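**Q** To be precise about what I am sending: the file is called data_31.txt and holds compact mmCIF, C-alpha atoms and all ligand atoms.
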```txt
# COMPACT_ATOMS: atom_id res chain seq x y z
CA MET A 428 -15.09 -8.03 11.11
CA ALA A 429 -17.89 -8.06 8.49
CA LEU A 430 -16.91 -6.71 5.06
CA GLU A 431 -19.06 -5.77 2.06
CA LEU A 432 -18.12 -5.45 -1.62
CA LYS A 433 -18.80 -1.98 -3.08
CA LYS A 434 -18.37 -0.53 -6.56
CA THR A 435 -16.34 2.68 -6.76
CA GLY A 436 -16.43 5.58 -9.25
CA ASP A 437 -14.08 3.97 -11.80
CA SER A 438 -15.98 0.63 -11.74
CA SER A 439 -13.34 -1.11 -9.62
CA LEU A 440 -14.60 -2.77 -6.46
CA THR A 441 -13.52 -2.09 -2.91
CA LEU A 442 -14.37 -3.42 0.54
CA TYR A 443 -16.52 -1.53 3.02
CA VAL A 444 -16.31 -2.01 6.80
CA PRO A 445 -19.77 -1.23 8.25
CA ASP A 446 -18.50 -1.30 11.85
CA LEU A 447 -16.09 1.54 11.09
CA ASP A 448 -18.06 3.17 8.25
CA GLU A 449 -14.80 3.05 6.28
CA HIS A 450 -13.81 1.88 2.78
CA TYR A 451 -10.52 0.15 1.89
CA HIS A 452 -10.07 2.64 -0.98
CA SER A 453 -11.45 5.93 -2.23
CA TYR A 454 -15.08 5.55 -3.32
CA HIS A 455 -14.24 7.90 -6.20
CA GLY A 456 -12.18 5.07 -7.71
CA ALA A 457 -10.12 2.37 -5.99
CA LEU A 458 -7.96 1.59 -9.01
CA GLN A 459 -7.33 5.19 -10.00
CA GLU A 460 -6.40 6.11 -6.40
CA ALA A 461 -3.92 3.20 -6.11
CA ASN A 462 -2.42 4.02 -9.50
CA HIS A 463 -2.01 7.68 -8.66
CA VAL A 464 -0.71 7.49 -5.08
CA PHE A 465 1.39 4.33 -5.09
CA ILE A 466 2.33 3.66 -8.72
CA LYS A 467 2.74 7.07 -10.36
CA ASN A 468 4.06 8.87 -7.25
CA GLY A 469 5.67 5.77 -5.74
CA ILE A 470 7.40 3.08 -7.77
CA GLU A 471 7.46 5.11 -11.01
CA ALA A 472 9.27 7.94 -9.20
CA ILE A 473 12.25 5.66 -8.45
CA ASN A 474 15.08 4.99 -10.92
CA SER A 475 16.92 2.08 -9.27
CA GLN A 476 17.00 -1.31 -10.99
CA SER A 477 16.27 -3.10 -7.75
CA VAL A 478 13.71 -1.80 -5.27
CA ARG A 479 12.56 -2.90 -1.80
CA ILE A 480 9.01 -1.88 -0.91
CA LEU A 481 7.12 -2.08 2.40
CA GLU A 482 3.35 -1.84 2.32
CA VAL A 483 1.56 -1.06 5.59
CA GLY A 484 -2.02 -2.36 5.33
CA PHE A 485 -1.82 -5.04 2.61
CA GLY A 486 -5.62 -5.48 2.55
CA THR A 487 -6.86 -6.66 -0.86
CA GLY A 488 -3.39 -6.87 -2.46
CA LEU A 489 -4.35 -4.28 -5.10
CA ASN A 490 -1.14 -2.28 -4.60
CA ALA A 491 0.96 -5.45 -4.81
CA LEU A 492 -0.80 -6.45 -8.06
CA LEU A 493 -0.26 -3.03 -9.65
CA THR A 494 3.37 -3.05 -8.54
CA ALA A 495 3.94 -6.54 -10.01
CA CYS A 496 2.57 -5.19 -13.32
CA ALA A 497 4.78 -2.08 -13.02
CA SER A 498 7.73 -4.40 -12.49
CA ASP A 499 6.92 -6.15 -15.79
CA LYS A 500 6.79 -2.80 -17.57
CA SER A 501 10.09 -1.47 -16.23
CA ARG A 502 11.83 -4.88 -15.98
CA ARG A 503 13.01 -4.07 -12.48
CA GLU A 504 13.53 -6.44 -9.58
CA ILE A 505 11.03 -5.62 -6.84
CA ASN A 506 11.06 -7.18 -3.41
CA TYR A 507 7.75 -6.42 -1.68
CA ILE A 508 6.79 -6.92 1.96
CA GLY A 509 3.08 -6.53 2.71
CA VAL A 510 2.12 -6.20 6.38
CA GLU A 511 -1.47 -6.93 7.37
CA ALA A 512 -2.90 -7.29 10.88
CA TYR A 513 -6.30 -8.67 9.82
CA PRO A 514 -6.13 -10.62 6.52
CA VAL A 515 -9.22 -10.63 4.32
CA ALA A 516 -10.75 -14.06 3.50
CA THR A 517 -9.35 -15.42 0.21
CA ASP A 518 -12.86 -16.18 -1.16
CA LEU A 519 -13.85 -12.54 -0.82
CA LEU A 520 -10.61 -11.36 -2.46
CA GLY A 521 -11.45 -13.68 -5.37
CA GLU A 522 -14.57 -11.59 -6.05
CA LEU A 523 -12.63 -8.37 -6.62
CA ASN A 524 -12.46 -7.34 -10.29
CA TYR A 525 -8.99 -5.77 -10.40
CA PRO A 526 -7.25 -8.13 -12.89
CA SER A 527 -9.96 -7.57 -15.52
CA LEU A 528 -9.43 -3.79 -15.35
CA ILE A 529 -5.63 -3.86 -15.67
CA GLU A 530 -3.89 -3.85 -19.06
CA ASN A 531 -1.53 -6.73 -18.47
CA ASP A 532 -2.18 -10.25 -19.80
CA ASN A 533 -0.61 -11.70 -16.67
CA ALA A 534 -2.71 -9.72 -14.17
CA GLU A 535 -5.16 -12.58 -13.54
CA ALA A 536 -2.37 -15.08 -12.84
CA TYR A 537 -0.47 -12.62 -10.66
CA TYR A 538 -3.54 -11.83 -8.54
CA GLU A 539 -4.30 -15.52 -8.07
CA ARG A 540 -0.74 -16.04 -6.79
CA ILE A 541 -0.90 -12.93 -4.61
CA ILE A 542 -4.13 -13.89 -2.85
CA HIS A 543 -3.21 -17.57 -2.43
CA ASP A 544 0.39 -16.83 -1.42
CA ARG A 545 1.24 -18.30 2.00
CA TRP A 546 1.72 -15.86 4.86
CA GLY A 547 5.23 -15.46 6.25
CA LYS A 548 7.05 -16.97 3.26
CA GLU A 549 8.79 -15.23 0.37
CA GLN A 550 7.28 -16.21 -3.00
CA LYS A 551 7.91 -15.31 -6.61
CA ILE A 552 4.82 -13.81 -8.24
CA SER A 553 6.60 -13.11 -11.55
CA LYS A 554 10.15 -13.27 -12.89
CA THR A 555 10.97 -9.92 -11.29
CA PHE A 556 8.48 -9.52 -8.43
CA THR A 557 8.89 -11.24 -5.07
CA LEU A 558 6.27 -10.98 -2.34
CA THR A 559 6.31 -11.70 1.39
CA LYS A 560 3.00 -11.25 3.19
CA LEU A 561 3.35 -10.80 6.94
CA GLU A 562 0.35 -11.34 9.18
CA GLN A 563 1.27 -8.97 11.94
CA LYS A 564 0.61 -5.52 13.36
CA ILE A 565 3.12 -3.03 12.00
CA GLU A 566 3.84 -1.97 15.59
CA LYS A 567 5.37 -5.43 16.22
CA CYS A 568 7.41 -5.77 13.02
CA GLU A 569 11.21 -5.68 12.96
CA PHE A 570 12.95 -5.57 9.57
CA GLU A 571 16.52 -6.72 8.92
CA LYS A 572 16.94 -4.78 5.68
CA LYS A 573 15.88 -1.23 4.93
CA PHE A 574 13.39 -0.16 2.24
CA ASN A 575 13.60 2.27 -0.68
CA LEU A 576 9.87 2.95 -0.61
CA ILE A 577 6.92 2.67 1.79
CA TYR A 578 3.29 2.49 0.69
CA PHE A 579 1.49 3.68 3.80
CA ASP A 580 -2.10 2.53 3.29
CA ALA A 581 -3.70 2.27 6.74
CA PHE A 582 -7.32 3.16 7.46
CA GLY A 583 -7.74 6.92 7.81
CA PRO A 584 -7.04 8.89 11.00
CA ARG A 585 -10.79 9.27 11.67
CA VAL A 586 -11.07 5.55 12.44
CA GLN A 587 -7.49 4.55 13.29
CA GLN A 588 -5.66 7.62 14.64
CA GLU A 589 -2.94 5.49 16.29
CA MET A 590 -1.63 4.35 12.87
CA TRP A 591 -0.77 7.96 11.97
CA SER A 592 1.09 8.76 15.19
CA ASP A 593 4.62 10.10 15.51
CA SER A 594 5.79 6.77 16.99
CA ILE A 595 4.70 4.82 13.89
CA MET A 596 6.18 7.53 11.64
CA LYS A 597 9.49 7.28 13.53
CA LYS A 598 9.41 3.53 12.84
CA MET A 599 8.77 4.22 9.14
CA TYR A 600 11.66 6.72 9.08
CA ASP A 601 14.04 4.24 10.69
CA CYS A 602 13.25 1.42 8.28
CA LEU A 603 13.85 3.54 5.15
CA GLN A 604 17.20 3.86 3.41
CA SER A 605 18.67 7.32 3.08
CA ASN A 606 16.78 9.11 0.26
CA GLY A 607 14.02 6.54 0.52
CA PHE A 608 10.47 7.84 0.76
CA LEU A 609 6.93 7.14 1.94
CA VAL A 610 3.75 7.86 -0.03
CA THR A 611 0.21 7.95 1.29
CA TYR A 612 -3.24 9.22 0.37
CA CYS A 613 -3.60 11.11 3.67
CA ALA A 614 -2.68 14.79 3.90
CA GLN A 615 -4.00 15.67 7.35
CA GLY A 616 -2.23 18.60 9.06
CA GLN A 617 -1.25 16.85 12.31
CA PHE A 618 0.09 13.87 10.33
CA LYS A 619 2.30 16.15 8.22
CA ARG A 620 3.60 17.90 11.36
CA ASP A 621 4.44 14.51 12.92
CA LEU A 622 6.31 13.44 9.77
CA LYS A 623 8.41 16.62 9.97
CA LYS A 624 8.98 16.10 13.70
CA VAL A 625 10.61 12.69 13.13
CA GLY A 626 12.87 14.04 10.36
CA PHE A 627 11.00 13.63 7.07
CA LYS A 628 10.99 16.30 4.36
CA VAL A 629 7.29 16.55 3.52
CA PHE A 630 5.72 17.34 0.15
CA SER A 631 2.00 17.84 -0.47
CA MET A 632 1.28 16.64 -3.99
CA PRO A 633 -1.92 16.75 -6.08
CA GLY A 634 -4.19 13.91 -4.98
CA PRO A 635 -6.14 11.40 -7.09
CA PRO A 636 -9.54 12.42 -8.51
CA GLY A 637 -11.82 13.47 -5.65
CA LYS A 638 -8.96 14.29 -3.25
CA ARG A 639 -7.08 17.59 -3.23
CA GLU A 640 -3.77 16.36 -1.82
CA MET A 641 -1.60 13.36 -1.03
CA VAL A 642 1.73 13.20 0.78
CA LYS A 643 5.25 12.21 -0.17
CA ALA A 644 7.75 12.18 2.74
CA ILE A 645 11.47 11.80 2.00
CA LYS A 646 14.11 10.63 4.44
CA ASN A 647 16.90 13.21 4.48
CA LYS A 648 20.51 12.13 4.15
C1 LIG A 701 -7.08 1.11 3.86
S1 LIG A 701 -7.08 -0.61 4.20
C2 LIG A 701 -5.95 -1.37 3.12
C3 LIG A 701 -5.90 -1.04 1.71
C4 LIG A 701 -5.00 -1.99 0.98
N1 LIG A 701 -3.68 -1.43 0.77
C5 LIG A 701 -5.66 -2.41 -0.28
O1 LIG A 701 -5.25 -1.99 -1.37
O2 LIG A 701 -6.63 -3.16 -0.19
C6 LIG A 701 -6.10 -0.65 5.69
C7 LIG A 701 -5.58 -2.01 6.08
O3 LIG A 701 -4.74 -1.89 7.22
C8 LIG A 701 -4.93 -3.04 8.03
N2 LIG A 701 -4.47 -2.75 9.40
C9 LIG A 701 -5.16 -2.24 10.43
N3 LIG A 701 -4.37 -2.10 11.52
C10 LIG A 701 -3.14 -2.54 11.16
C11 LIG A 701 -1.91 -2.67 11.86
N4 LIG A 701 -1.78 -2.28 13.13
N5 LIG A 701 -0.84 -3.17 11.19
C12 LIG A 701 -0.97 -3.57 9.88
N6 LIG A 701 -2.13 -3.47 9.17
C13 LIG A 701 -3.19 -2.96 9.80
C14 LIG A 701 -6.42 -3.27 7.91
O4 LIG A 701 -6.79 -4.56 8.32
C15 LIG A 701 -6.67 -3.00 6.44
O5 LIG A 701 -6.50 -4.15 5.66
```
What's the structure tokens form of this structure?
**A**
Amino acid sequence: MALELKKTGDSSLTLYVPDLDEHYHSYHGALQEANHVFIKNGIEAINSQSVRILEVGFGTGLNALLTACASDKSRREINYIGVEAYPVATDLLGELNYPSLIENDNAEAYYERIIHDRWGKEQKISKTFTLTKLEQKIEKCEFEKKFNLIYFDAFGPRVQQEMWSDSIMKKMYDCLQSNGFLVTYCAQGQFKRDLKKVGFKVFSMPGPPGKREMVKAIKNK
């Protein structure tokens, strides 16, 4: 699949998929979207000292990088599993400008480790952040341990409706711990109804700049 580098509204780069006419991130600002949806409303909304995160749609590794930096800030142990069906070429990832836009002296080194990390093997990115990248479709994944938090970052329903189906949401529900939650940028009506159908308590929250809403879905006790 051909990919092109594009600059977004906050100067951070993203990837564009011409075949799908779809971007990897919001064109209003890749970095500000990731910070808002996954960091502020995700990891920063959790108090535990040790957190297990599943990311669906690992893509560029931007969310993993920001979470590694958040782990530095809060000194919490984070174990992160990133699932990706179609990994992006490492050379192209090396052209993304995320580390230079993040206020953390280690960001460059972390991103280098993240993009060169071997698939299928747990690796330490920092003292407190451990990453396992899985090259697999989420539909095929089985997890031994449950997660506290899911970053659901698939392509939008317009181009990949099947990723937002009730069967995938049931899988997400089952692999969360009680009181665990999922965050995503998508706030489509049918998606929210499917989340409720499988048992989630659904909250529409203010979205990042350029988007009215995002979703947080909590697994009930
Ligand atoms: C919106 S983009 C990813 C954004 C990514 N989190 C980032 O920050 O770059 C969606 C990603 O989901 C991946 N994907 C598509 N189908 C998938 C599947 N069935 N299972 C896992 N990942 C999938 C795509 O290849 C793409 O990398």
**Q** With all atoms listed in the file counted, collect every polymer residue having an atom within 9 Å of ligand LIG 701 (chain A); state the result as a VMD selection string.
**A** chain A and resid 441 to 442 449 to 453 457 to 458 461 482 to 491 509 to 515 561 to 568 578 to 583 587 589 to 590
**Q** Interatomic distance between CA of Gln476 (chain A) and CA of Ser553 (chain A)?
**A**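 Computing it gives 15.7 Å between the two atoms.
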**Q** Could you tell me which of A:Ile595, A:Met641, A:Val625, A:Ala536 comes closest to Phe465 (chain A) if we count all atoms listed in the file?
**A**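 Going through A:Ile595, A:Met641, A:Val625, A:Ala536 one by one, the smallest distance to Phe465 (chain A) is for A:Met641.
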**Q** Any idea what's packed within 6 Å of Ile645 (chain A), counting only C-alpha atoms, ignoring anything in its chain fewer than 5 positions away? Could you give it as an mmCIF file with C-alpha atoms, keeping the file's coordinate frame?
**A**
```
data_model
loop_
_atom_site.group_PDB
_atom_site.id
_atom_site.type_symbol
_atom_site.label_atom_id
_atom_site.label_comp_id
_atom_site.auth_asym_id
_atom_site.auth_seq_id
_atom_site.Cartn_x
_atom_site.Cartn_y
_atom_site.Cartn_z
ATOM 1 C CA PHE A 608 10.470 7.840 0.760
ATOM 2 C CA PHE A 627 11.000 13.630 7.070
ATOM 3 C CA LYS A 628 10.990 16.300 4.360
#
```
**Q** Which of these, A:Cys602, A:Ile577, A:Leu432, A:Leu492, has the shortest distance to Lys643 (chain A) once you count only C-alpha atoms?
**A**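 Looking at the shortest contact to Lys643 (chain A), the residue is A:Ile577.
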**Q** Which one is closest to Phe574 (chain A): A:Ala644, A:Leu481, A:Leu520, A:Cys496? Count only C-alpha atoms.
**A**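 Comparing A:Ala644, A:Leu481, A:Leu520, A:Cys496 against Phe574 (chain A), the winner is A:Leu481.
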**Q** I'd like the neighbourhood of Asn506 (chain A) as a PyMOL selection string, where a residue qualifies if any of its atoms comes within 10 Å (using only C-alpha atoms), though same-chain residues fewer than 5 positions away should be ignored.
**A** chain A and resi 477-481+495+549-551+555-559+574
**Q** Between CA of Trp546 (chain A) and CA of Lys560 (chain A), what is the distance, to one decimal in Å?
**A**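 Computing it gives 5.1 Å between the two atoms.
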**Q** Rounded to one decimal place, report the CA of Lys467 (chain A)-CA of Lys598 (chain A) distance in Å.
**A** 24.4 Å
**Q** I want to know what sits within 12 Å of Ser631 (chain A), based on all atoms listed in the file, with residues of the same chain fewer than 4 positions away left out; could you give that as JSON, numbers by chain?
**A** {"A": [464, 468, 610, 611, 612, 613, 614, 615, 616, 618, 619, 620, 622, 638, 639, 640, 641, 642, 643, 644, 645]}
**Q** Show which residues sit within 10 Å of Met428 (chain A), as a list in words. Count all atoms listed in the file, and ignore same-chain residues fewer than 2 positions away.
**A**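 My list of contacting residues is Leu430, Val444, Pro445, Asp446, Leu447, Tyr513 and Val515 of chain A.
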**Q** My list of candidates is A:Asn524, A:Asn533, A:Asn647, A:Asn474. Which is closest to Glu504 (chain A) when distances are computed with all atoms listed in the file?
**A**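 Residue with the minimum atom-to-atom distance to Glu504 (chain A): A:Asn474.
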**Q** When you count all atoms listed in the file, which of these residues is closest to Asn462 (chain A): A:Gln604, A:Ser501, A:Pro636, A:Gln588?
**A** A:Pro636
**Q** Under the rule that all atoms listed in the file are counted, which of A:Ser438, A:Ile552, A:Asp518, A:Leu609 is the nearest residue to Ala534 (chain A)?
**A**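 Nearest candidate to Ala534 (chain A) out of A:Ser438, A:Ile552, A:Asp518, A:Leu609: A:Ile552.
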**Q** Starting from 6 Å padding per side, set up an axis-aligned box that covers all listed atoms of region 464-473 of chain A and hand over centre and edge lengths in Å, one decimal, as AutoDock Vina command-line options.
**A**
```
--center_x 5.8 --center_y 6.0 --center_z -8.0 --size_x 25.0 --size_y 17.8 --size_z 17.9
```
